[in-house]
Amino acid sequence: MTAFPVAGRLAKAPENFIGREGVERVFAEARAGRRDFLRSAFAAAAAGVAASGTLAQPKAPADGDPNILELPEHSRGLGQPVVTDGYGKPSKYERNVQRRQSPGLTQTPQASVSFAPLQSLFGIVTPSGLHFERHHQGWWDIDPSKHRFMVNGLVKTPKVFTADDLMRLPSVSRFHFIECGANTGMEWGNVAVPTVQYTHGMLSCSEFTGVPLATLLELAGADLKKGRFVLAEGADGSSMTRTIPMSLVTSGEVLVAFGQNGEMLRPENGYPLRLVVPGVQGVSWVKYLRRIEVGDQPWASKDEVLHYVDLMPDGVHRQYTSIQECKSVVTTPSGGQVLLDRGFYNISGLAWSGRGKVKKVDVTVDGGRTWRAARLEGPVMGKCLTRFNLDWVWDGKPAIVQSRATDETGYVQPTYRQLRGVRGTRSIYHNNAIQSWLVQASGEVKNVQLG
Ligand SMILES: Nc1nc2c(c(=O)[nH]1)N[C@H]1C(S)=C(S)[C@@H](COP(=O)(O)O)O[C@H]1N2
Ligand SMILES: [Mo]
C-alpha cells in the first residue's frame with residue numbers, strides 16, 4: 001500500500017513534474033526513513049523481543065547504544081514561539097500548492113488568469129490564497145473608507161453606501177462555487193493542457209458573507225414591476241458591467257458580499273465589495289462593485305454581447321447564457337499525477353451545478369463501459385461544490401477514469417460527443433463535458449478525449 005498517498009499528495013504541475021523515477025526516489029527515501037524510525041523504536045523496546053508479523057527483525061544502529069531511543073529534534077527541543085508576525089502561512093513542505101498561470105495563455109499578467117490547484121485540495125472550500133483569479137485589467141487593493149457603492153435607476157431614492165454601512169445591515173453567509181464561463185474553454189477542439197489545474201482550475205468555492213441585494217433594492221424603493229433587470233458595475237478600469245435578471249435578485253440569492261471564508265474578501269477577489277450571483281458564470285460576480293442600476297431591459301454591455309457569447313456551429317452567437325450547467329471532474333487521479341503501484345486508491349473529485357444541488361455522480365474506470373455511483377460527501381448544498389469519493393483497486397492496467405454528474409433537475413453532464421453535437425468545436429465558454437483521464441500502465445496519468 002505504499003502507493004496510497006501518491007495521487008493525492010504528489011500532484012505535480014508540468015513545470016515541476018518529477019516523473020516516475022522521481023516518485024520512486026521519494027518513496028525509496030520515505031521507506032528508508034520509516035525503517036530507521038522503526039529500527040530505533042524497536043531498539044528502545046529492548047533487544048531480545050522479536051518483531052512479529054511482516055516487519056523484518058529490526059537491527060540496532062551499528063554505532064549507537066541500542067537502549068537509547070533516537071527521537072527527532074522536534075520531539076526533544078523547544079518549538080517555535082507563537083506566531084506574532086500576523087498572518088499564518090502553510091507549511092514550507094506545501095510550497096508546490098500554488099495558483100499558476102497557464103503558459104502562453106494571455107499576453108499580459110493584468111488581463112489574465114491564475115488557476116486554482118484543484119489536484120491538491122480537499123473537501124469543498126478553496127483557501128482564499130488559492131482562489132483562482134480572473135482580472136480584465138489587473139487587481140486593486142481599494143481603500144474601503146474611500147469606496148462607495150450606489151443603487152440607482154428605477155428606484156424611488158437612489159442610495160449610496162459605504163462598506164461600513166453595509167456591514168450594519170442583516171447579513172447572510174452561504175457556500176457557493178464560482179466558475180469562470182471560460183473554464184475548460186481551451187479543451188473545446190482537442191486536448192490542450194495537461195493537468196486539472198489548467199483544465200478546470202477557474203473554479204473555486206467559498207463561504208461568502210454579505211447583504212442580499214434584495215434588501216438594498218428595498219431600501220432604495222426599487223420599482224419591481226418595471227425593473228426586470230439590474231446592471232452591476234465594477235470600479236476597476238475594465239468597465240466590467242453585466243446585466244442580471246431581477247428574478248435572481250428577488251429570490252434573495254444575489255449578495256453584495258464583503259466576506260469570504262470568515263474574513264474580508266481578498267483584494268484579488270474584489271475587496272471591499274463584490275457581487276455574488278450563485279450558479280451564474282464568474283463574469284457576473286462583479287468585483288470592486290460600485291453600482292447597481294435597476295432597469296427595464298438588458299444593457300447589452302461589451303461583456304455580454306461581444307464577450308461571453310457562445311459561437312454555435314451555424315456561426316450564430318448565443319448571448320446571455322449565464323447559468324453554469326451541471327459538471328464534475330475527477331481531481332485524483334488526474335493529469336500529471338503518477339500512481340506508483342497497483343492497489344488501493346481513493347478516486348476523488350468535485351461536482352457542481354448552477355441550477356441547484358448535485359444529486360448523483362457516477363464514476364467509470366473503463367472509459368464509460370461500466371459506471372459505479374460515487375459517495376457524495378456532505379454537506380451537499382445548492383450551487384456549491386460537492387466532493388465525491390470512490391474506492392478503487394488499480395490492477396496496473398491502463399484505465400480511463402471519468403465522472404458524470406446529475407443535478408437535482410435531472411440534467412446529466414454530457415459527453416464531448418453529445419456537447420459538440422449541439423455546440424460544435426469552436427466555442428470558448430460553457431464547456432461542461434465529461435473529462436477523461438488515462439491512467440497508463442506506467443502509472444502516469446494523461447489528459448485524453450474520447451472520440
Ligand atoms: N470588476 C471586475 N469584476 C470582475 C472581473 C474583472 O476583471 N473586474 N472579472 C470577472 C470574471 S471574468 C470572473 S471569472 C470573476 C473571477 O473572480 P475571481 O478573480 O475572484 O476568481 O470575476 C469577474 N468580476
Ligand atoms: Mo470569467
# chains A, B, ... in the order shown; residues from 1 in each chain; ligands from 1
call {"tool": "residues_near_ligand", "arguments": {"ligand": "ligand 2", "cutoff": "9 Å", "atoms": "only C-alpha atoms and all ligand atoms", "output": "mmCIF file with all heavy atoms, in the first residue's frame"}}
result
data_model
loop_
_atom_site.group_PDB
_atom_site.id
_atom_site.type_symbol
_atom_site.label_atom_id
_atom_site.label_comp_id
_atom_site.auth_asym_id
_atom_site.auth_seq_id
_atom_site.Cartn_x
_atom_site.Cartn_y
_atom_site.Cartn_z
ATOM 1 N N VAL A 113 -5.349 35.156 -16.025
ATOM 2 C CA VAL A 113 -5.985 34.180 -15.141
ATOM 3 C C VAL A 113 -4.913 33.481 -14.327
ATOM 4 O O VAL A 113 -3.865 33.148 -14.868
ATOM 5 C CB VAL A 113 -6.658 33.053 -15.969
ATOM 6 C CG1 VAL A 113 -7.364 32.075 -15.056
ATOM 7 C CG2 VAL A 113 -7.583 33.591 -17.016
ATOM 8 N N GLU A 133 -7.962 33.470 -9.949
ATOM 9 C CA GLU A 133 -8.098 34.904 -10.222
ATOM 10 C C GLU A 133 -8.378 35.100 -11.701
ATOM 11 O O GLU A 133 -7.751 34.471 -12.537
ATOM 12 C CB GLU A 133 -6.791 35.664 -9.970
ATOM 13 C CG GLU A 133 -6.230 35.645 -8.596
ATOM 14 C CD GLU A 133 -4.768 36.109 -8.684
ATOM 15 O OE1 GLU A 133 -4.534 37.331 -8.672
ATOM 16 O OE2 GLU A 133 -3.884 35.255 -8.793
ATOM 17 N N ARG A 134 -9.278 36.013 -11.984
ATOM 18 C CA ARG A 134 -9.510 36.420 -13.363
ATOM 19 C C ARG A 134 -9.701 37.920 -13.339
ATOM 20 O O ARG A 134 -10.684 38.425 -12.778
ATOM 21 C CB ARG A 134 -10.747 35.713 -13.930
ATOM 22 C CG ARG A 134 -11.187 36.237 -15.295
ATOM 23 C CD ARG A 134 -10.231 35.787 -16.400
ATOM 24 N NE ARG A 134 -10.699 36.240 -17.717
ATOM 25 C CZ ARG A 134 -10.133 37.254 -18.404
ATOM 26 N NH1 ARG A 134 -9.105 37.920 -17.906
ATOM 27 N NH2 ARG A 134 -10.599 37.578 -19.599
ATOM 28 N N HIS A 135 -8.730 38.610 -13.884
ATOM 29 C CA HIS A 135 -8.816 40.069 -13.955
ATOM 30 C C HIS A 135 -8.800 40.484 -15.408
ATOM 31 O O HIS A 135 -8.047 39.936 -16.199
ATOM 32 C CB HIS A 135 -7.622 40.733 -13.264
ATOM 33 C CG HIS A 135 -7.243 40.118 -11.952
ATOM 34 N ND1 HIS A 135 -8.121 40.050 -10.904
ATOM 35 C CD2 HIS A 135 -6.098 39.533 -11.536
ATOM 36 C CE1 HIS A 135 -7.518 39.464 -9.879
ATOM 37 N NE2 HIS A 135 -6.301 39.127 -10.238
ATOM 38 N N HIS A 136 -9.614 41.497 -15.732
ATOM 39 C CA HIS A 136 -9.598 42.029 -17.090
ATOM 40 C C HIS A 136 -8.630 43.197 -17.207
ATOM 41 O O HIS A 136 -8.198 43.546 -18.286
ATOM 42 C CB HIS A 136 -11.007 42.446 -17.519
ATOM 43 C CG HIS A 136 -11.915 41.272 -17.706
ATOM 44 N ND1 HIS A 136 -12.480 40.959 -18.914
ATOM 45 C CD2 HIS A 136 -12.306 40.295 -16.854
ATOM 46 C CE1 HIS A 136 -13.208 39.854 -18.795
ATOM 47 N NE2 HIS A 136 -13.115 39.446 -17.555
ATOM 48 N N GLU A 179 -17.418 29.767 -10.990
ATOM 49 C CA GLU A 179 -16.693 29.195 -12.122
ATOM 50 C C GLU A 179 -16.706 30.209 -13.257
ATOM 51 O O GLU A 179 -17.781 30.710 -13.637
ATOM 52 C CB GLU A 179 -17.370 27.890 -12.586
ATOM 53 C CG GLU A 179 -16.634 27.236 -13.753
ATOM 54 C CD GLU A 179 -17.308 25.975 -14.290
ATOM 55 O OE1 GLU A 179 -18.530 25.806 -14.103
ATOM 56 O OE2 GLU A 179 -16.601 25.165 -14.928
ATOM 57 N N CYS A 180 -15.531 30.496 -13.806
ATOM 58 C CA CYS A 180 -15.465 31.364 -14.985
ATOM 59 C C CYS A 180 -16.141 30.630 -16.137
ATOM 60 O O CYS A 180 -15.948 29.422 -16.314
ATOM 61 C CB CYS A 180 -14.009 31.664 -15.330
ATOM 62 S SG CYS A 180 -13.847 32.640 -16.839
ATOM 63 N N GLY A 181 -16.923 31.373 -16.932
ATOM 64 C CA GLY A 181 -17.586 30.760 -18.087
ATOM 65 C C GLY A 181 -16.590 30.134 -19.051
ATOM 66 O O GLY A 181 -16.919 29.230 -19.811
ATOM 67 N N ALA A 182 -15.343 30.607 -19.001
ATOM 68 C CA ALA A 182 -14.307 30.098 -19.914
ATOM 69 C C ALA A 182 -13.573 28.887 -19.338
ATOM 70 O O ALA A 182 -12.644 28.372 -19.970
ATOM 71 C CB ALA A 182 -13.301 31.194 -20.230
ATOM 72 N N ASN A 183 -13.979 28.435 -18.143
ATOM 73 C CA ASN A 183 -13.307 27.267 -17.561
ATOM 74 C C ASN A 183 -13.437 26.076 -18.520
ATOM 75 O O ASN A 183 -14.511 25.851 -19.068
ATOM 76 C CB ASN A 183 -13.949 26.925 -16.208
ATOM 77 C CG ASN A 183 -13.039 26.088 -15.323
ATOM 78 O OD1 ASN A 183 -11.813 26.112 -15.480
ATOM 79 N ND2 ASN A 183 -13.643 25.360 -14.400
ATOM 80 N N MET A 202 -10.343 27.263 -13.138
ATOM 81 C CA MET A 202 -11.036 28.559 -12.988
ATOM 82 C C MET A 202 -12.333 28.295 -12.222
ATOM 83 O O MET A 202 -13.445 28.648 -12.657
ATOM 84 C CB MET A 202 -11.306 29.202 -14.344
ATOM 85 C CG MET A 202 -10.075 29.875 -14.922
ATOM 86 S SD MET A 202 -10.484 31.010 -16.255
ATOM 87 C CE MET A 202 -10.411 29.909 -17.654
ATOM 88 N N GLN A 281 -22.183 32.315 -14.233
ATOM 89 C CA GLN A 281 -20.757 32.343 -14.548
ATOM 90 C C GLN A 281 -20.035 33.507 -13.863
ATOM 91 O O GLN A 281 -20.621 34.577 -13.616
ATOM 92 C CB GLN A 281 -20.554 32.415 -16.059
ATOM 93 C CG GLN A 281 -21.144 33.652 -16.704
ATOM 94 C CD GLN A 281 -20.900 33.691 -18.200
ATOM 95 O OE1 GLN A 281 -20.002 33.041 -18.707
ATOM 96 N NE2 GLN A 281 -21.710 34.443 -18.912
ATOM 97 N N GLY A 282 -18.744 33.286 -13.636
ATOM 98 C CA GLY A 282 -17.930 34.209 -12.839
ATOM 99 C C GLY A 282 -17.993 35.665 -13.257
ATOM 100 O O GLY A 282 -17.952 36.556 -12.411
ATOM 101 N N VAL A 283 -18.111 35.916 -14.557
ATOM 102 C CA VAL A 283 -18.022 37.304 -15.018
ATOM 103 C C VAL A 283 -19.118 38.192 -14.404
ATOM 104 O O VAL A 283 -18.932 39.400 -14.249
ATOM 105 C CB VAL A 283 -18.030 37.367 -16.572
ATOM 106 C CG1 VAL A 283 -19.355 36.888 -17.134
ATOM 107 C CG2 VAL A 283 -17.700 38.757 -17.063
ATOM 108 N N SER A 284 -20.245 37.589 -14.033
ATOM 109 C CA SER A 284 -21.321 38.390 -13.437
ATOM 110 C C SER A 284 -21.076 38.693 -11.953
ATOM 111 O O SER A 284 -21.788 39.494 -11.364
ATOM 112 C CB SER A 284 -22.662 37.666 -13.582
ATOM 113 O OG SER A 284 -23.037 37.632 -14.944
ATOM 114 N N TRP A 285 -20.074 38.029 -11.382
ATOM 115 C CA TRP A 285 -19.745 38.272 -9.981
ATOM 116 C C TRP A 285 -18.826 39.497 -9.930
ATOM 117 O O TRP A 285 -17.627 39.396 -9.648
ATOM 118 C CB TRP A 285 -19.032 37.069 -9.375
ATOM 119 C CG TRP A 285 -19.822 35.804 -9.295
ATOM 120 C CD1 TRP A 285 -20.590 35.218 -10.261
ATOM 121 C CD2 TRP A 285 -19.880 34.922 -8.163
ATOM 122 N NE1 TRP A 285 -21.119 34.042 -9.808
ATOM 123 C CE2 TRP A 285 -20.697 33.834 -8.530
ATOM 124 C CE3 TRP A 285 -19.316 34.941 -6.881
ATOM 125 C CZ2 TRP A 285 -20.970 32.778 -7.647
ATOM 126 C CZ3 TRP A 285 -19.586 33.888 -6.016
ATOM 127 C CH2 TRP A 285 -20.409 32.832 -6.394
ATOM 128 N N TYR A 308 -18.122 36.567 -23.794
ATOM 129 C CA TYR A 308 -19.005 35.657 -23.046
ATOM 130 C C TYR A 308 -20.253 35.287 -23.851
ATOM 131 O O TYR A 308 -21.359 35.216 -23.329
ATOM 132 C CB TYR A 308 -19.366 36.250 -21.673
ATOM 133 C CG TYR A 308 -18.110 36.445 -20.849
ATOM 134 C CD1 TYR A 308 -17.404 37.640 -20.877
ATOM 135 C CD2 TYR A 308 -17.584 35.397 -20.109
ATOM 136 C CE1 TYR A 308 -16.219 37.802 -20.180
ATOM 137 C CE2 TYR A 308 -16.393 35.556 -19.402
ATOM 138 C CZ TYR A 308 -15.724 36.761 -19.444
ATOM 139 O OH TYR A 308 -14.555 36.902 -18.768
#
call {"tool": "residues_around", "arguments": {"residues": "Gln260 (chain A)", "least_positions_apart": "4", "cutoff": "8 Å", "atoms": "only C-alpha atoms", "output": "ChimeraX atom specification"}}
result
/A:128,206-209,264-266
call {"tool": "write_last_selection", "arguments": {"atoms": "all heavy atoms", "output": "PDB file, in the first residue's frame"}}
result
ATOM      1  N   SER A 128      -8.600  30.944   0.600  1.00  0.00           N
ATOM      2  CA  SER A 128      -8.677  32.218  -0.131  1.00  0.00           C
ATOM      3  C   SER A 128      -7.393  32.520  -0.907  1.00  0.00           C
ATOM      4  O   SER A 128      -7.443  33.079  -1.995  1.00  0.00           O
ATOM      5  CB  SER A 128      -9.009  33.356   0.830  1.00  0.00           C
ATOM      6  OG  SER A 128     -10.290  33.119   1.381  1.00  0.00           O
ATOM      7  N   SER A 206     -16.293  29.173  -1.848  1.00  0.00           N
ATOM      8  CA  SER A 206     -16.055  29.859  -0.580  1.00  0.00           C
ATOM      9  C   SER A 206     -17.358  30.014   0.182  1.00  0.00           C
ATOM     10  O   SER A 206     -18.443  29.902  -0.382  1.00  0.00           O
ATOM     11  CB  SER A 206     -15.510  31.279  -0.831  1.00  0.00           C
ATOM     12  OG  SER A 206     -14.320  31.259  -1.555  1.00  0.00           O
ATOM     13  N   GLU A 207     -17.199  30.321   1.462  1.00  0.00           N
ATOM     14  CA  GLU A 207     -18.342  30.811   2.222  1.00  0.00           C
ATOM     15  C   GLU A 207     -18.327  32.333   2.083  1.00  0.00           C
ATOM     16  O   GLU A 207     -17.379  32.988   2.520  1.00  0.00           O
ATOM     17  CB  GLU A 207     -18.227  30.422   3.696  1.00  0.00           C
ATOM     18  CG  GLU A 207     -19.472  30.800   4.475  1.00  0.00           C
ATOM     19  CD  GLU A 207     -19.284  30.748   5.979  1.00  0.00           C
ATOM     20  OE1 GLU A 207     -18.183  31.102   6.454  1.00  0.00           O
ATOM     21  OE2 GLU A 207     -20.223  30.378   6.677  1.00  0.00           O
ATOM     22  N   PHE A 208     -19.350  32.857   1.428  1.00  0.00           N
ATOM     23  CA  PHE A 208     -19.439  34.305   1.216  1.00  0.00           C
ATOM     24  C   PHE A 208     -20.399  34.913   2.229  1.00  0.00           C
ATOM     25  O   PHE A 208     -21.448  34.335   2.525  1.00  0.00           O
ATOM     26  CB  PHE A 208     -19.945  34.619  -0.197  1.00  0.00           C
ATOM     27  CG  PHE A 208     -18.949  34.250  -1.269  1.00  0.00           C
ATOM     28  CD1 PHE A 208     -19.079  33.064  -1.984  1.00  0.00           C
ATOM     29  CD2 PHE A 208     -17.872  35.075  -1.551  1.00  0.00           C
ATOM     30  CE1 PHE A 208     -18.154  32.719  -2.968  1.00  0.00           C
ATOM     31  CE2 PHE A 208     -16.944  34.742  -2.526  1.00  0.00           C
ATOM     32  CZ  PHE A 208     -17.094  33.555  -3.239  1.00  0.00           C
ATOM     33  N   THR A 209     -20.033  36.077   2.731  1.00  0.00           N
ATOM     34  CA  THR A 209     -20.900  36.799   3.663  1.00  0.00           C
ATOM     35  C   THR A 209     -21.238  38.155   3.062  1.00  0.00           C
ATOM     36  O   THR A 209     -20.339  38.852   2.565  1.00  0.00           O
ATOM     37  CB  THR A 209     -20.197  36.986   5.018  1.00  0.00           C
ATOM     38  OG1 THR A 209     -19.918  35.704   5.571  1.00  0.00           O
ATOM     39  CG2 THR A 209     -21.079  37.773   5.996  1.00  0.00           C
ATOM     40  N   MET A 264     -12.510  39.332   5.499  1.00  0.00           N
ATOM     41  CA  MET A 264     -12.866  40.199   4.376  1.00  0.00           C
ATOM     42  C   MET A 264     -12.381  39.572   3.069  1.00  0.00           C
ATOM     43  O   MET A 264     -11.403  38.819   3.045  1.00  0.00           O
ATOM     44  CB  MET A 264     -12.226  41.588   4.545  1.00  0.00           C
ATOM     45  CG  MET A 264     -12.867  42.470   5.611  1.00  0.00           C
ATOM     46  SD  MET A 264     -14.591  42.929   5.282  1.00  0.00           S
ATOM     47  CE  MET A 264     -14.402  44.146   3.974  1.00  0.00           C
ATOM     48  N   LEU A 265     -13.058  39.903   1.979  1.00  0.00           N
ATOM     49  CA  LEU A 265     -12.636  39.465   0.648  1.00  0.00           C
ATOM     50  C   LEU A 265     -11.156  39.778   0.450  1.00  0.00           C
ATOM     51  O   LEU A 265     -10.655  40.772   0.971  1.00  0.00           O
ATOM     52  CB  LEU A 265     -13.395  40.260  -0.419  1.00  0.00           C
ATOM     53  CG  LEU A 265     -14.888  40.018  -0.615  1.00  0.00           C
ATOM     54  CD1 LEU A 265     -15.493  41.212  -1.341  1.00  0.00           C
ATOM     55  CD2 LEU A 265     -15.106  38.743  -1.416  1.00  0.00           C
ATOM     56  N   ARG A 266     -10.483  38.962  -0.330  1.00  0.00           N
ATOM     57  CA  ARG A 266      -9.108  39.271  -0.726  1.00  0.00           C
ATOM     58  C   ARG A 266      -9.140  40.336  -1.843  1.00  0.00           C
ATOM     59  O   ARG A 266     -10.080  40.352  -2.658  1.00  0.00           O
ATOM     60  CB  ARG A 266      -8.421  38.010  -1.257  1.00  0.00           C
ATOM     61  CG  ARG A 266      -8.179  36.953  -0.189  1.00  0.00           C
ATOM     62  CD  ARG A 266      -7.114  37.425   0.782  1.00  0.00           C
ATOM     63  NE  ARG A 266      -7.018  36.548   1.937  1.00  0.00           N
ATOM     64  CZ  ARG A 266      -6.181  35.509   2.026  1.00  0.00           C
ATOM     65  NH1 ARG A 266      -5.404  35.185   0.999  1.00  0.00           N
ATOM     66  NH2 ARG A 266      -6.133  34.791   3.114  1.00  0.00           N
TER      67      ARG A 266
END
call {"tool": "residues_around", "arguments": {"residues": "Val196 (chain A)", "least_positions_apart": "5", "cutoff": "10 Å", "atoms": "only C-alpha atoms", "output": "PyMOL selection string"}}
result
chain A and resi 13+115-119+184+201+329-337+435+437+447
call {"tool": "atom_distance", "arguments": {"atom1": "CA of Asp395 (chain A)", "atom2": "CA of Asp362 (chain A)"}}
result
20.1 Å
call {"tool": "residues_around", "arguments": {"residues": "region 346-361 of chain A", "least_positions_apart": "4", "cutoff": "8 Å", "atoms": "only C-alpha atoms", "output": "PyMOL selection string"}}
result
chain A and resi 124+177+278-280+323-333+373-376+380-392+403-409
call {"tool": "write_last_selection", "arguments": {"atoms": "C-alpha atoms", "output": "PDB file, in the first residue's frame"}}
result
ATOM      1  CA  ILE A 124     -15.128  21.791  -0.956  1.00  0.00           C
ATOM      2  CA  PHE A 177     -18.914  27.890  -6.181  1.00  0.00           C
ATOM      3  CA  PRO A 278     -24.905  31.848  -7.280  1.00  0.00           C
ATOM      4  CA  GLY A 279     -24.997  29.447 -10.233  1.00  0.00           C
ATOM      5  CA  VAL A 280     -24.105  32.151 -12.748  1.00  0.00           C
ATOM      6  CA  ILE A 323     -26.001  29.592 -15.839  1.00  0.00           C
ATOM      7  CA  GLN A 324     -23.148  27.139 -15.277  1.00  0.00           C
ATOM      8  CA  GLU A 325     -24.667  23.766 -16.133  1.00  0.00           C
ATOM      9  CA  CYS A 326     -24.003  20.608 -14.154  1.00  0.00           C
ATOM     10  CA  LYS A 327     -20.359  19.480 -14.358  1.00  0.00           C
ATOM     11  CA  SER A 328     -17.837  17.367 -12.499  1.00  0.00           C
ATOM     12  CA  VAL A 329     -14.202  16.364 -12.645  1.00  0.00           C
ATOM     13  CA  VAL A 330     -12.007  13.749 -11.012  1.00  0.00           C
ATOM     14  CA  THR A 331      -9.141  15.565  -9.273  1.00  0.00           C
ATOM     15  CA  THR A 332      -7.327  12.380  -8.123  1.00  0.00           C
ATOM     16  CA  PRO A 333      -6.096  10.650 -10.174  1.00  0.00           C
ATOM     17  CA  ALA A 373     -22.122   5.558  -8.029  1.00  0.00           C
ATOM     18  CA  ALA A 374     -19.617   7.625  -6.040  1.00  0.00           C
ATOM     19  CA  ARG A 375     -20.163   8.644  -2.410  1.00  0.00           C
ATOM     20  CA  LEU A 376     -21.273  12.262  -2.111  1.00  0.00           C
ATOM     21  CA  VAL A 380     -24.433  18.749  -0.284  1.00  0.00           C
ATOM     22  CA  MET A 381     -25.534  22.346  -0.888  1.00  0.00           C
ATOM     23  CA  GLY A 382     -27.185  24.104  -3.812  1.00  0.00           C
ATOM     24  CA  LYS A 383     -24.924  25.929  -6.305  1.00  0.00           C
ATOM     25  CA  CYS A 384     -21.946  24.766  -4.297  1.00  0.00           C
ATOM     26  CA  LEU A 385     -19.126  22.302  -4.904  1.00  0.00           C
ATOM     27  CA  THR A 386     -19.827  18.745  -3.785  1.00  0.00           C
ATOM     28  CA  ARG A 387     -16.935  16.405  -3.026  1.00  0.00           C
ATOM     29  CA  PHE A 388     -17.281  12.811  -4.201  1.00  0.00           C
ATOM     30  CA  ASN A 389     -15.146   9.757  -3.456  1.00  0.00           C
ATOM     31  CA  LEU A 390     -14.994   6.182  -4.672  1.00  0.00           C
ATOM     32  CA  ASP A 391     -12.830   3.213  -3.644  1.00  0.00           C
ATOM     33  CA  TRP A 392     -10.743   1.767  -6.445  1.00  0.00           C
ATOM     34  CA  SER A 403     -17.044  11.226 -13.672  1.00  0.00           C
ATOM     35  CA  ARG A 404     -20.577  12.103 -14.757  1.00  0.00           C
ATOM     36  CA  ALA A 405     -22.733  14.302 -12.556  1.00  0.00           C
ATOM     37  CA  THR A 406     -26.516  14.599 -12.448  1.00  0.00           C
ATOM     38  CA  ASP A 407     -28.189  17.545 -10.716  1.00  0.00           C
ATOM     39  CA  GLU A 408     -31.497  17.807  -8.912  1.00  0.00           C
ATOM     40  CA  THR A 409     -33.273  18.940 -12.093  1.00  0.00           C
TER      41      THR A 409
END
call {"tool": "residues_around", "arguments": {"residues": "region 95-105 of chain A", "least_positions_apart": "4", "cutoff": "10 Å", "atoms": "only C-alpha atoms", "output": "PyMOL selection string"}}
result
chain A and resi 9-13+16+90-91+109+112-121+129-133+186+193+197-199+201
call {"tool": "select_by_dssp", "arguments": {"residues": "region 185-372 of chain A", "states": "strand (DSSP E or B)", "output": "MDAnalysis selection string"}}
result
chainID A and resid 203:212 222 229:234 241:245 255:260 263:264 274:276 280 287 289:295 310:311 317:318 323 327:332 338 343:352 358:364 366 372
call {"tool": "residues_around", "arguments": {"residues": "Gly138 (chain A)", "least_positions_apart": "6", "cutoff": "10 Å", "atoms": "only C-alpha atoms", "output": "PyMOL selection string"}}
result
chain A and resi 108-112+236-238+268
call {"tool": "write_last_selection", "arguments": {"atoms": "all heavy atoms", "output": "short mmCIF file (atom, residue, chain, number, x, y, z; two decimals), in the first residue's frame"}}
result
data_model
loop_
_atom_site.label_atom_id
_atom_site.label_comp_id
_atom_site.auth_asym_id
_atom_site.auth_seq_id
_atom_site.Cartn_x
_atom_site.Cartn_y
_atom_site.Cartn_z
N THR A 108 -0.68 39.63 -21.26
CA THR A 108 -0.25 40.46 -20.13
C THR A 108 -0.73 39.79 -18.84
O THR A 108 -1.75 39.10 -18.84
CB THR A 108 -0.89 41.86 -20.17
OG1 THR A 108 -2.31 41.69 -19.98
CG2 THR A 108 -0.63 42.58 -21.47
N PRO A 109 0.01 40.00 -17.74
CA PRO A 109 -0.40 39.38 -16.48
C PRO A 109 -1.54 40.14 -15.79
O PRO A 109 -2.03 39.71 -14.76
CB PRO A 109 0.88 39.41 -15.64
CG PRO A 109 1.67 40.55 -16.19
CD PRO A 109 1.30 40.68 -17.65
N GLN A 110 -1.95 41.29 -16.37
CA GLN A 110 -3.08 42.03 -15.76
C GLN A 110 -4.40 41.54 -16.33
O GLN A 110 -5.37 41.37 -15.59
CB GLN A 110 -2.94 43.53 -16.01
CG GLN A 110 -1.90 44.20 -15.15
CD GLN A 110 -0.53 44.13 -15.80
OE1 GLN A 110 -0.39 43.75 -16.96
NE2 GLN A 110 0.50 44.52 -15.07
N ALA A 111 -4.44 41.35 -17.65
CA ALA A 111 -5.64 40.77 -18.26
C ALA A 111 -5.37 39.28 -18.36
O ALA A 111 -4.98 38.78 -19.40
CB ALA A 111 -5.90 41.38 -19.63
N SER A 112 -5.54 38.57 -17.24
CA SER A 112 -5.07 37.20 -17.22
C SER A 112 -5.84 36.36 -16.20
O SER A 112 -6.82 36.82 -15.62
CB SER A 112 -3.57 37.18 -16.89
OG SER A 112 -3.03 35.91 -17.16
N ASP A 236 -12.98 49.00 -11.19
CA ASP A 236 -11.67 48.93 -11.86
C ASP A 236 -11.80 49.41 -13.30
O ASP A 236 -12.90 49.59 -13.81
CB ASP A 236 -11.12 47.49 -11.82
CG ASP A 236 -12.09 46.49 -12.39
OD1 ASP A 236 -13.31 46.68 -12.22
OD2 ASP A 236 -11.64 45.51 -13.03
N GLY A 237 -10.65 49.58 -13.95
CA GLY A 237 -10.64 50.17 -15.30
C GLY A 237 -11.18 49.29 -16.39
O GLY A 237 -11.22 49.70 -17.55
N SER A 238 -11.63 48.08 -16.05
CA SER A 238 -12.10 47.17 -17.10
C SER A 238 -13.54 47.48 -17.51
O SER A 238 -14.05 46.86 -18.44
CB SER A 238 -12.02 45.72 -16.63
OG SER A 238 -12.92 45.50 -15.57
N GLU A 268 -7.60 40.44 -4.58
CA GLU A 268 -7.71 39.81 -5.91
C GLU A 268 -9.15 39.42 -6.21
O GLU A 268 -9.52 39.25 -7.38
CB GLU A 268 -6.88 38.51 -5.99
CG GLU A 268 -5.44 38.64 -5.61
CD GLU A 268 -5.21 38.29 -4.15
OE1 GLU A 268 -5.62 39.10 -3.29
OE2 GLU A 268 -4.63 37.24 -3.86
#
call {"tool": "residues_around", "arguments": {"residues": "Val230 (chain A)", "least_positions_apart": "5", "cutoff": "6 Å", "atoms": "only C-alpha atoms", "output": "list in words"}}
result
Thr243, Ile244, Glu293, Val294 and Gly295 of chain A
call {"tool": "closest_residue", "arguments": {"among": "A:Gly153, A:Gly410, A:Gly367, A:Gly421", "to": "Asp296 (chain A)", "atoms": "only C-alpha atoms"}}
result
A:Gly153
call {"tool": "select_by_dssp", "arguments": {"residues": "region 53-290 of chain A", "states": "helix (DSSP H, G or I)", "output": "ChimeraX atom specification"}}
result
/A:73-76,92-94,118-120,128-130,163-167,185-187,196-200,213-220,246-250,267-269,282-284
call {"tool": "closest_residue", "arguments": {"among": "A:Tyr411, A:Trp394, A:Trp139, A:Tyr416", "to": "Val439 (chain A)", "atoms": "only C-alpha atoms"}}
result
A:Trp394
call {"tool": "closest_residue", "arguments": {"among": "A:Lys146, A:Arg290, A:Arg420, A:Arg76", "to": "ligand 1", "atoms": "only C-alpha atoms and all ligand atoms"}}
result
A:Arg290
call {"tool": "closest_residue", "arguments": {"among": "A:Asp341, A:Glu73, A:Glu304, A:Asp223", "to": "ligand 1", "atoms": "only C-alpha atoms and all ligand atoms"}}
result
A:Glu304
call {"tool": "closest_residue", "arguments": {"among": "A:Leu213, A:Met240, A:Ala222, A:Val365", "to": "Val254 (chain A)", "atoms": "only C-alpha atoms"}}
result
A:Leu213
call {"tool": "closest_residue", "arguments": {"among": "A:Leu450, A:Ile434, A:Leu289, A:Leu339", "to": "ligand 1", "atoms": "only C-alpha atoms and all ligand atoms"}}
result
A:Leu289
call {"tool": "atom_distance", "arguments": {"atom1": "CA of Ala220 (chain A)", "atom2": "CA of Phe149 (chain A)"}}
result
12.5 Å
